[in-house]
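Coordinates from my_file-v5.cif are shown below (mmCIF, C-alpha atoms and all ligand atoms).
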```cif
data_my_file
loop_
_atom_site.label_atom_id
_atom_site.label_comp_id
_atom_site.auth_asym_id
_atom_site.auth_seq_id
_atom_site.Cartn_x
_atom_site.Cartn_y
_atom_site.Cartn_z
CA MET J 1 -24.55 8.68 -11.66
CA ASP J 2 -23.91 8.37 -15.37
CA SER J 3 -23.58 4.93 -16.88
CA GLU J 4 -19.80 5.15 -17.31
CA LEU J 5 -19.22 5.82 -13.61
CA GLY J 6 -21.87 3.29 -12.68
CA THR J 7 -19.56 0.38 -13.51
CA ILE J 8 -16.28 -0.81 -12.03
CA ALA J 9 -14.69 -0.61 -15.48
CA GLY J 10 -15.84 3.00 -15.89
CA ARG J 11 -14.54 3.99 -12.48
CA VAL J 12 -11.20 2.27 -13.10
CA ARG J 13 -10.86 4.31 -16.30
CA ALA J 14 -11.77 7.51 -14.45
CA VAL J 15 -9.14 6.86 -11.75
CA PHE J 16 -6.45 6.05 -14.35
CA ASP J 17 -7.34 9.32 -16.14
CA GLU J 18 -7.07 11.30 -12.91
CA ILE J 19 -3.71 9.67 -12.12
CA HIS J 20 -2.48 10.63 -15.58
CA ARG J 21 -3.58 14.26 -15.16
CA ALA J 22 -2.04 14.58 -11.68
CA ALA J 23 1.27 13.11 -12.87
CA VAL J 24 1.42 15.44 -15.86
CA ARG J 25 0.62 18.44 -13.61
CA ALA J 26 3.53 17.45 -11.41
CA GLY J 27 5.88 16.94 -14.36
CA ARG J 28 6.10 13.21 -13.63
CA ALA J 29 5.86 10.23 -15.95
CA PRO J 30 2.34 8.78 -15.54
CA ASP J 31 3.75 5.26 -15.46
CA SER J 32 5.83 6.13 -12.39
CA VAL J 33 2.57 5.87 -10.40
CA ARG J 34 1.00 2.46 -9.83
CA LEU J 35 -2.69 2.17 -9.03
CA LEU J 36 -3.26 -0.37 -6.29
CA ALA J 37 -6.92 -1.31 -5.88
CA ALA J 38 -7.67 -1.63 -2.16
CA SER J 39 -9.90 -4.67 -2.31
CA LYS J 40 -10.94 -5.44 1.27
CA THR J 41 -14.58 -6.66 1.49
CA VAL J 42 -14.78 -6.80 -2.33
CA THR J 43 -15.86 -10.14 -3.80
CA VAL J 44 -13.66 -12.06 -6.21
CA GLU J 45 -16.27 -11.57 -8.93
CA ARG J 46 -15.91 -7.80 -8.68
CA LEU J 47 -12.13 -8.06 -8.49
CA ARG J 48 -12.20 -9.88 -11.83
CA GLU J 49 -14.12 -6.95 -13.32
CA ALA J 50 -11.47 -4.56 -12.03
CA VAL J 51 -8.62 -6.71 -13.36
CA ASP J 52 -10.33 -7.04 -16.72
CA ALA J 53 -10.58 -3.22 -16.77
CA GLY J 54 -6.81 -2.89 -16.35
CA ILE J 55 -6.10 -3.21 -12.63
CA ARG J 56 -2.90 -5.13 -12.02
CA HIS J 57 -2.15 -4.45 -8.35
CA LEU J 58 -4.55 -5.56 -5.59
CA GLY J 59 -4.11 -4.67 -1.92
CA GLU J 60 -5.67 -6.70 0.89
CA ASN J 61 -5.88 -5.92 4.62
CA ARG J 62 -6.69 -9.19 6.30
CA VAL J 63 -4.84 -12.46 5.94
CA GLN J 64 -7.90 -14.69 6.37
CA GLU J 65 -9.85 -12.74 3.76
CA ALA J 66 -6.97 -12.42 1.31
CA LEU J 67 -5.69 -15.99 1.05
CA PRO J 68 -8.88 -17.53 -0.36
CA LYS J 69 -9.19 -14.63 -2.80
CA ILE J 70 -5.64 -15.19 -4.02
CA GLU J 71 -6.51 -18.86 -4.56
CA THR J 72 -9.76 -18.13 -6.37
CA LEU J 73 -9.01 -15.18 -8.64
CA ASP J 74 -8.18 -16.83 -11.94
CA ARG J 75 -6.48 -13.93 -13.68
CA GLU J 76 -2.92 -13.84 -14.96
CA GLY J 77 -0.43 -11.21 -13.93
CA VAL J 78 -2.15 -9.95 -10.77
CA VAL J 79 0.26 -8.63 -8.16
CA TRP J 80 -0.92 -8.89 -4.54
CA HIS J 81 0.03 -6.43 -1.83
CA PHE J 82 -0.60 -6.61 1.89
CA ILE J 83 -1.68 -3.22 3.25
CA GLY J 84 -3.38 -3.94 6.60
CA THR J 85 -2.18 -4.28 10.16
CA LEU J 86 -0.13 -7.46 10.31
CA GLN J 87 0.01 -9.45 13.51
CA ARG J 88 3.27 -11.25 14.15
CA ARG J 89 1.66 -14.67 14.45
CA LYS J 90 0.26 -14.27 10.91
CA VAL J 91 3.54 -13.37 9.25
CA LYS J 92 4.21 -16.96 8.29
CA SER J 93 1.11 -17.13 6.07
CA VAL J 94 1.87 -13.78 4.44
CA VAL J 95 5.54 -14.11 3.55
CA GLY J 96 6.03 -15.05 -0.10
CA ARG J 97 2.31 -14.75 -0.89
CA PHE J 98 2.33 -10.99 -1.38
CA GLU J 99 4.78 -9.16 -3.60
CA THR J 100 5.04 -6.26 -1.14
CA ILE J 101 3.99 -5.82 2.48
CA HIS J 102 3.25 -2.08 2.79
CA SER J 103 2.51 -2.07 6.51
CA VAL J 104 5.70 -2.95 8.39
CA ASP J 105 5.07 -0.86 11.48
CA SER J 106 7.75 -1.94 13.94
CA LEU J 107 11.24 -3.40 14.15
CA ALA J 108 9.80 -6.49 15.86
CA LEU J 109 7.49 -7.13 12.90
CA ALA J 110 10.36 -6.59 10.46
CA GLU J 111 12.45 -9.13 12.39
CA GLU J 112 9.66 -11.71 12.28
CA ILE J 113 9.22 -11.22 8.51
CA ASP J 114 12.97 -11.64 8.10
CA ARG J 115 12.88 -14.87 10.15
CA GLN J 116 9.97 -16.35 8.22
CA ALA J 117 11.42 -15.29 4.87
CA LYS J 118 14.66 -17.01 5.76
CA ALA J 119 12.76 -20.18 6.71
CA ALA J 120 10.93 -20.06 3.37
CA GLY J 121 14.14 -19.36 1.48
CA LEU J 122 13.04 -16.09 -0.06
CA LYS J 123 13.43 -12.34 0.12
CA GLN J 124 10.35 -10.32 1.06
CA ARG J 125 9.78 -6.88 -0.37
CA VAL J 126 8.43 -4.43 2.23
CA LEU J 127 7.65 -0.79 2.92
CA LEU J 128 7.92 0.85 6.34
CA GLU J 129 4.71 2.37 7.63
CA VAL J 130 5.12 5.78 9.22
CA ASN J 131 2.61 7.28 11.64
CA LEU J 132 2.87 10.87 10.45
CA GLY J 133 0.10 12.28 12.59
CA GLY J 134 1.26 10.60 15.80
CA GLU J 135 -2.20 9.05 16.14
CA SER J 136 -2.45 6.49 18.93
CA SER J 137 -5.18 4.66 16.97
CA LYS J 138 -2.73 3.85 14.18
CA GLY J 139 0.40 1.77 13.99
CA GLY J 140 3.61 2.79 12.36
CA PHE J 141 7.05 4.12 13.14
CA ALA J 142 7.13 7.65 14.54
CA PRO J 143 8.91 9.76 11.91
CA ALA J 144 11.94 10.22 14.17
CA ALA J 145 12.04 6.51 15.00
CA VAL J 146 12.58 5.32 11.43
CA ALA J 147 16.05 6.80 11.18
CA ALA J 148 16.95 5.27 14.53
CA ALA J 149 15.71 1.83 13.42
CA LEU J 150 17.46 1.92 10.07
CA PRO J 151 20.80 0.38 11.10
CA ALA J 152 18.98 -2.59 12.70
CA LEU J 153 16.66 -2.93 9.69
CA ASN J 154 19.69 -2.87 7.43
CA GLN J 155 20.91 -6.08 9.11
CA LEU J 156 17.79 -8.03 8.08
CA GLU J 157 19.06 -9.76 4.99
CA GLN J 158 15.82 -11.41 3.87
CA LEU J 159 14.04 -8.05 3.72
CA ASP J 160 14.04 -5.96 0.59
CA ILE J 161 13.10 -2.55 1.98
CA ARG J 162 11.83 -0.35 -0.84
CA GLY J 163 10.33 2.73 0.75
CA LEU J 164 7.67 4.20 3.00
CA MET J 165 3.92 4.02 3.42
CA ALA J 166 1.58 6.33 5.34
CA ILE J 167 -2.08 6.92 6.07
CA PRO J 168 -2.34 10.58 7.14
CA PRO J 169 -4.93 11.59 9.76
CA PRO J 170 -8.40 12.27 8.33
CA MET J 171 -8.52 15.78 6.88
CA PRO J 172 -11.46 17.93 5.73
CA THR J 173 -10.00 18.33 2.23
CA ALA J 174 -7.40 16.56 0.11
CA GLU J 175 -5.34 19.73 0.04
CA ASP J 176 -5.05 19.59 3.83
CA ALA J 177 -3.27 16.24 3.52
CA ARG J 178 -0.55 17.71 1.29
CA PRO J 179 1.87 18.59 4.14
CA TYR J 180 1.77 14.97 5.32
CA PHE J 181 2.53 13.60 1.86
CA ARG J 182 5.36 16.10 1.52
CA GLN J 183 6.67 15.09 4.94
CA LEU J 184 6.78 11.42 3.87
CA ARG J 185 8.71 12.29 0.71
CA GLU J 186 11.19 14.40 2.67
CA LEU J 187 11.61 11.64 5.23
CA ALA J 188 12.42 9.16 2.45
CA GLN J 189 15.02 11.59 1.09
CA ALA J 190 16.59 12.04 4.52
CA LEU J 191 16.73 8.26 5.04
CA THR J 192 18.33 7.78 1.63
CA ALA J 193 20.97 10.29 2.65
CA GLN J 194 21.68 8.14 5.71
CA GLY J 195 23.09 5.70 3.16
CA CYS J 196 22.24 2.20 4.40
CA ARG J 197 23.55 -0.33 1.94
CA ASN J 198 20.52 -2.63 1.72
CA ILE J 199 17.80 -0.03 1.99
CA ASN J 200 16.26 1.75 -0.92
CA MET J 201 13.66 4.47 -0.45
CA GLN J 202 12.28 4.85 -3.96
CA GLU J 203 8.68 3.82 -3.24
CA LEU J 204 6.12 6.07 -1.56
CA SER J 205 2.77 4.37 -0.89
CA MET J 206 0.39 7.23 -0.10
CA GLY J 207 -2.97 8.60 -1.19
CA MET J 208 -6.44 7.04 -1.07
CA SER J 209 -9.73 7.70 -2.90
CA HIS J 210 -10.23 11.25 -1.68
CA ASP J 211 -6.65 12.54 -1.91
CA TYR J 212 -4.61 10.43 -4.35
CA ALA J 213 -4.20 13.27 -6.87
CA VAL J 214 -2.51 15.42 -4.22
CA ALA J 215 -0.37 12.47 -3.13
CA ILE J 216 0.81 12.03 -6.74
CA GLU J 217 1.73 15.71 -6.93
CA GLU J 218 3.88 15.10 -3.83
CA GLY J 219 5.60 12.02 -5.22
CA ALA J 220 3.44 8.93 -4.58
CA THR J 221 4.58 5.86 -6.52
CA TYR J 222 1.70 3.71 -5.24
CA VAL J 223 -1.78 5.08 -4.61
CA ARG J 224 -4.15 2.76 -2.73
CA VAL J 225 -7.69 3.35 -3.97
CA GLY J 226 -10.78 1.45 -2.81
CA THR J 227 -14.01 3.45 -2.68
CA ALA J 228 -13.42 5.36 -5.93
CA ILE J 229 -13.24 2.02 -7.76
CA PHE J 230 -15.59 -0.30 -5.89
CA GLY J 231 -18.00 2.15 -4.26
CA ALA J 232 -18.60 2.69 -0.56
CA ARG J 233 -18.05 -0.24 1.79
CA SER J 234 -21.21 -1.11 3.63
CA GLU J 235 -19.67 -1.27 7.11
CA PRO J 236 -16.77 0.37 8.87
CA TYR J 237 -13.75 -1.87 8.50
CA HIS J 238 -11.33 -2.83 11.24
CA ASP J 239 -8.25 -4.83 10.44
CA HIS J 240 -8.37 -6.80 13.67
CA THR J 241 -11.99 -7.95 13.79
C1 LIG W 301 -9.10 0.71 2.59
C2 LIG W 301 -7.73 1.22 2.46
C3 LIG W 301 -7.38 2.10 1.43
C4 LIG W 301 -8.37 2.66 0.42
O1 LIG W 301 -9.27 3.52 1.04
P1 LIG W 301 -10.41 4.28 0.16
O2 LIG W 301 -10.68 5.50 0.95
O3 LIG W 301 -11.56 3.35 0.10
O4 LIG W 301 -9.83 4.57 -1.14
C5 LIG W 301 -6.06 2.49 1.34
N1 LIG W 301 -5.12 2.07 2.21
C6 LIG W 301 -5.42 1.22 3.21
C7 LIG W 301 -4.34 0.78 4.14
C8 LIG W 301 -6.73 0.79 3.38
O5 LIG W 301 -7.02 -0.04 4.38
#
```

What do you get writing this file as structure tokens?
Ligand SMILES: *Cc1c(COP(=O)(O)O)cnc(C)c1O
Amino acid sequence: MDSELGTIAGRVRAVFDEIHRAAVRAGRAPDSVRLLAASKTVTVERLREAVDAGIRHLGENRVQEALPKIETLDREGVVWHFIGTLQRRKVKSVVGRFETIHSVDSLALAEEIDRQAKAAGLKQRVLLEVNLGGESSKGGFAPAAVAAALPALNQLEQLDIRGLMAIPPPMPTAEDARPYFRQLRELAQALTAQGCRNINMQELSMGMSHDYAVAIEEGATYVRVGTAIFGARSEPYHDHT
């Protein structure tokens, strides 16, 4: 590994460069794509390095890991996102602490966020997670179920629904994930055409370390990148453990 890619700052620069190239290839404005550093298991010290290198958006998966990090990271202007499986009983500690919850995977969860946001007197920005591959191991709305849930979601006044998020099934190559990314974009377009007053589908949170360039070509507005910035995580990670 050369010295540039041996540091967090060097890898952050490399990812920003790759985002820029992918956006230009797709005829998109590079600043229409936000890099969200997926920071599960990463220490606050290393998060500071990433923020000092230009990272502004951080995405955490677990409430009990995230809250102390939010308290401790003494950097201005950091925007926190929640990207992991969210249990209903933890909604109360998440609402208002994260700018966007990317992983709203059921109507019941959306209703609980709405309730807790109302109690806290705020509006919570969220994305709807879609289970594109129909994998039983993953949460998320089935693609056909999102349209059906939309009228009920539209009634939840404390939710600011901004778009869709997906984690496609593992694929041998990034190119193999392209049809899933395209499917998410087309789903967002179809939902927009459904014309619900309070729902806006402009954000697409898709693409991780191995496939974010392809996701950008297909319209990603958030890419969630962990390994390519922080290196490999030492252990497999499960949201619920
Ligand atoms: C960990 C994680 C990522 C980033 O994965 P990498 O392959 O390390 O880039 C993105 N999205 C979610 C929801 C994650 O949990």

Exercise for review: Find the residues around Pro179 (chain J) up to 10 Å (all atoms listed in the file counted), leave out those fewer than 4 positions away in its own chain, and share them as a list in words.
Suggested key: Pro168, Glu175, Gln183, Leu184, Arg185, Val214, Ala215 and Glu218 of chain J

Practice item. Using only C-alpha atoms and all ligand atoms, find the one residue out of J:Lys69, J:Arg97, J:His20, J:Lys40 that sits nearest to ligand LIG 301 (chain W). Key: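 Ranking J:Lys69, J:Arg97, J:His20, J:Lys40 by distance to ligand LIG 301 (chain W), first place goes to J:Lys40.
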
Point to revise | One-decimal distance in Å that lies between CA of Leu107 (chain J) and CA of Gly195 (chain J) | key: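 Taking CA of Gly195 (chain J) as the start and CA of Leu107 (chain J) as the end point, the length is 18.5 Å.
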
Study note, to complete from the structure: If you count only C-alpha atoms, the residue of J:Ile55, J:Leu128, J:Val63, J:Ala144 closest to Val78 (chain J) turns out to be J:Ile55

Practice item. Rank J:Ile216, J:Ala108, J:Thr227, J:His238 by their smallest atom-to-atom distance to Ala26 (chain J), using all atoms listed in the file, and report the top residue only. Key: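 Going through J:Ile216, J:Ala108, J:Thr227, J:His238 one by one, the smallest distance to Ala26 (chain J) is for J:Ile216.
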
Closest atom pairs, chain J residues within 8 Å of ligand LIG 301 (chain W), all atoms listed in the file, as CSV:
```
residue,atom,partner,partner_atom,distance
J:Ala37,CA,W:LIG301,C4,7.6
J:Ala38,CA,W:LIG301,C4,5.1
J:Ser39,CA,W:LIG301,C1,7.3
J:Lys40,CA,W:LIG301,C1,6.6
J:Gly59,CA,W:LIG301,C6,7.9
J:Glu60,CA,W:LIG301,O5,7.6
J:Asn61,CA,W:LIG301,O5,6.0
J:Ile83,CA,W:LIG301,C7,4.9
J:Gly84,CA,W:LIG301,C7,5.4
J:Ser103,CA,W:LIG301,C7,7.8
J:Ile167,CA,W:LIG301,C7,6.8
J:Met206,CA,W:LIG301,N1,7.9
J:Gly207,CA,W:LIG301,C5,7.3
J:Met208,CA,W:LIG301,O4,4.2
J:Ser209,CA,W:LIG301,O4,3.6
J:His210,CA,W:LIG301,O2,6.3
J:Val223,CA,W:LIG301,C5,7.8
J:Arg224,CA,W:LIG301,C5,4.5
J:Val225,CA,W:LIG301,O4,3.8
J:Gly226,CA,W:LIG301,O3,3.6
J:Thr227,CA,W:LIG301,O3,3.7
J:Ala228,CA,W:LIG301,O4,6.0
J:Ile229,CA,W:LIG301,O4,7.9
J:Gly231,CA,W:LIG301,O3,7.9
J:Ala232,CA,W:LIG301,O3,7.1
J:Arg233,CA,W:LIG301,O3,7.6
J:Tyr237,CA,W:LIG301,C1,8.0
J:Asp239,CA,W:LIG301,O5,7.8
```

Can I get the selected residues back with C-alpha atoms, as a PDB file, keeping the file's coordinate frame?
```pdb
ATOM      1  CA  ALA J  37      -6.920  -1.310  -5.880  1.00  0.00           C
ATOM      2  CA  ALA J  38      -7.670  -1.630  -2.160  1.00  0.00           C
ATOM      3  CA  SER J  39      -9.900  -4.670  -2.310  1.00  0.00           C
ATOM      4  CA  LYS J  40     -10.940  -5.440   1.270  1.00  0.00           C
ATOM      5  CA  GLY J  59      -4.110  -4.670  -1.920  1.00  0.00           C
ATOM      6  CA  GLU J  60      -5.670  -6.700   0.890  1.00  0.00           C
ATOM      7  CA  ASN J  61      -5.880  -5.920   4.620  1.00  0.00           C
ATOM      8  CA  ILE J  83      -1.680  -3.220   3.250  1.00  0.00           C
ATOM      9  CA  GLY J  84      -3.380  -3.940   6.600  1.00  0.00           C
ATOM     10  CA  SER J 103       2.510  -2.070   6.510  1.00  0.00           C
ATOM     11  CA  ILE J 167      -2.080   6.920   6.070  1.00  0.00           C
ATOM     12  CA  MET J 206       0.390   7.230  -0.100  1.00  0.00           C
ATOM     13  CA  GLY J 207      -2.970   8.600  -1.190  1.00  0.00           C
ATOM     14  CA  MET J 208      -6.440   7.040  -1.070  1.00  0.00           C
ATOM     15  CA  SER J 209      -9.730   7.700  -2.900  1.00  0.00           C
ATOM     16  CA  HIS J 210     -10.230  11.250  -1.680  1.00  0.00           C
ATOM     17  CA  VAL J 223      -1.780   5.080  -4.610  1.00  0.00           C
ATOM     18  CA  ARG J 224      -4.150   2.760  -2.730  1.00  0.00           C
ATOM     19  CA  VAL J 225      -7.690   3.350  -3.970  1.00  0.00           C
ATOM     20  CA  GLY J 226     -10.780   1.450  -2.810  1.00  0.00           C
ATOM     21  CA  THR J 227     -14.010   3.450  -2.680  1.00  0.00           C
ATOM     22  CA  ALA J 228     -13.420   5.360  -5.930  1.00  0.00           C
ATOM     23  CA  ILE J 229     -13.240   2.020  -7.760  1.00  0.00           C
ATOM     24  CA  GLY J 231     -18.000   2.150  -4.260  1.00  0.00           C
ATOM     25  CA  ALA J 232     -18.600   2.690  -0.560  1.00  0.00           C
ATOM     26  CA  ARG J 233     -18.050  -0.240   1.790  1.00  0.00           C
ATOM     27  CA  TYR J 237     -13.750  -1.870   8.500  1.00  0.00           C
ATOM     28  CA  ASP J 239      -8.250  -4.830  10.440  1.00  0.00           C
TER      29      ASP J 239
END
```

Exercise for review: Would you kindly return, as an NGL selection string, each protein, DNA or RNA residue with an atom no farther than 12 Å from any atom of region 110-119 of chain J, considering all atoms listed in the file and excluding same-chain residues fewer than 3 positions away?
Suggested key: :J and (86-98 or 100-107 or 122-129 or 140-141 or 149-150 or 152-161)

Review point. Which distance in Å separates CA of Ser205 (chain J) and CA of Ala220 (chain J), to one decimal?
Key: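 According to the coordinates, CA of Ser205 (chain J) and CA of Ala220 (chain J) are separated by 5.9 Å.
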
Check your understanding: Which value, in Å to one decimal, gives the distance between CA of Ser137 (chain J) and CA of Gln202 (chain J)?
Key ->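 About the pair CA of Ser137 (chain J) and CA of Gln202 (chain J): they are 27.3 Å apart.
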
Check your understanding: Pick the closest to Pro170 (chain J) from J:Glu135, J:Pro68, J:His81, J:Arg182: which is it, counting only C-alpha atoms?
Key ->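 Using only C-alpha atoms, the shortest distance to Pro170 (chain J) belongs to J:Glu135.
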
Check your understanding: Quick one: residues within 7 Å of Ala188 (chain J), all atoms listed in the file counted, chain neighbours fewer than 3 positions away excluded, as a PyMOL selection string?
Key -> chain J and resi 163-164+184-185+191-192+201

Exercise for review: Find the residue from J:Ala145, J:Phe230, J:Pro172, J:Glu18 that sits nearest to Glu45 (chain J); use all atoms listed in the file when measuring.
Suggested key: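 Residue with the minimum atom-to-atom distance to Glu45 (chain J): J:Phe230.
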
Is it possible to add N, CA, C and O atoms to region 141-162 of chain J and hand it back as a short mmCIF file (atom, residue, chain, number, x, y, z; two decimals), in the frame of the given file?
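out.cif, freshly written:
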```
data_model
loop_
_atom_site.label_atom_id
_atom_site.label_comp_id
_atom_site.auth_asym_id
_atom_site.auth_seq_id
_atom_site.Cartn_x
_atom_site.Cartn_y
_atom_site.Cartn_z
N PHE J 141 5.89 3.49 12.52
CA PHE J 141 7.05 4.12 13.14
C PHE J 141 6.76 5.61 13.31
O PHE J 141 6.23 6.25 12.39
N ALA J 142 7.12 6.18 14.43
CA ALA J 142 7.13 7.65 14.54
C ALA J 142 8.19 8.14 13.55
O ALA J 142 9.20 7.46 13.34
N PRO J 143 7.95 9.30 12.92
CA PRO J 143 8.91 9.76 11.91
C PRO J 143 10.36 9.75 12.42
O PRO J 143 11.27 9.29 11.71
N ALA J 144 10.56 10.18 13.65
CA ALA J 144 11.94 10.22 14.17
C ALA J 144 12.49 8.83 14.46
O ALA J 144 13.70 8.63 14.51
N ALA J 145 11.59 7.86 14.64
CA ALA J 145 12.04 6.51 15.00
C ALA J 145 12.55 5.71 13.80
O ALA J 145 13.29 4.75 13.98
N VAL J 146 12.14 6.10 12.59
CA VAL J 146 12.58 5.32 11.43
C VAL J 146 14.09 5.41 11.26
O VAL J 146 14.76 4.40 11.07
N ALA J 147 14.61 6.63 11.35
CA ALA J 147 16.05 6.80 11.18
C ALA J 147 16.80 6.00 12.23
O ALA J 147 17.82 5.36 11.94
N ALA J 148 16.28 5.99 13.45
CA ALA J 148 16.95 5.27 14.53
C ALA J 148 16.93 3.76 14.29
O ALA J 148 17.86 3.05 14.66
N ALA J 149 15.84 3.27 13.66
CA ALA J 149 15.71 1.83 13.42
C ALA J 149 16.49 1.36 12.20
O ALA J 149 16.71 0.16 12.02
N LEU J 150 16.89 2.30 11.37
CA LEU J 150 17.46 1.92 10.07
C LEU J 150 18.69 1.01 10.15
O LEU J 150 18.76 0.02 9.42
N PRO J 151 19.64 1.29 11.03
CA PRO J 151 20.80 0.38 11.10
C PRO J 151 20.39 -1.06 11.43
O PRO J 151 20.92 -2.00 10.82
N ALA J 152 19.44 -1.23 12.35
CA ALA J 152 18.98 -2.59 12.70
C ALA J 152 18.23 -3.21 11.53
O ALA J 152 18.40 -4.39 11.21
N LEU J 153 17.40 -2.42 10.85
CA LEU J 153 16.66 -2.93 9.69
C LEU J 153 17.62 -3.35 8.58
O LEU J 153 17.38 -4.32 7.86
N ASN J 154 18.70 -2.61 8.47
CA ASN J 154 19.69 -2.87 7.43
C ASN J 154 20.37 -4.24 7.62
O ASN J 154 20.92 -4.80 6.67
N GLN J 155 20.30 -4.77 8.84
CA GLN J 155 20.91 -6.08 9.11
C GLN J 155 20.02 -7.24 8.67
O GLN J 155 20.43 -8.39 8.68
N LEU J 156 18.75 -6.95 8.36
CA LEU J 156 17.79 -8.03 8.08
C LEU J 156 17.91 -8.42 6.61
O LEU J 156 17.34 -7.77 5.74
N GLU J 157 18.64 -9.47 6.36
CA GLU J 157 19.06 -9.76 4.99
C GLU J 157 17.96 -10.31 4.09
O GLU J 157 18.08 -10.27 2.87
N GLN J 158 16.90 -10.86 4.70
CA GLN J 158 15.82 -11.41 3.87
C GLN J 158 14.76 -10.35 3.55
O GLN J 158 13.76 -10.65 2.91
N LEU J 159 14.97 -9.13 4.03
CA LEU J 159 14.04 -8.05 3.72
C LEU J 159 14.59 -7.22 2.57
O LEU J 159 15.77 -6.89 2.55
N ASP J 160 13.69 -6.88 1.67
CA ASP J 160 14.04 -5.96 0.59
C ASP J 160 13.22 -4.69 0.85
O ASP J 160 12.06 -4.61 0.46
N ILE J 161 13.82 -3.75 1.56
CA ILE J 161 13.10 -2.55 1.98
C ILE J 161 13.12 -1.53 0.85
O ILE J 161 14.19 -1.09 0.43
N ARG J 162 11.93 -1.17 0.36
CA ARG J 162 11.83 -0.35 -0.84
C ARG J 162 11.34 1.07 -0.63
O ARG J 162 11.34 1.87 -1.56
#
```
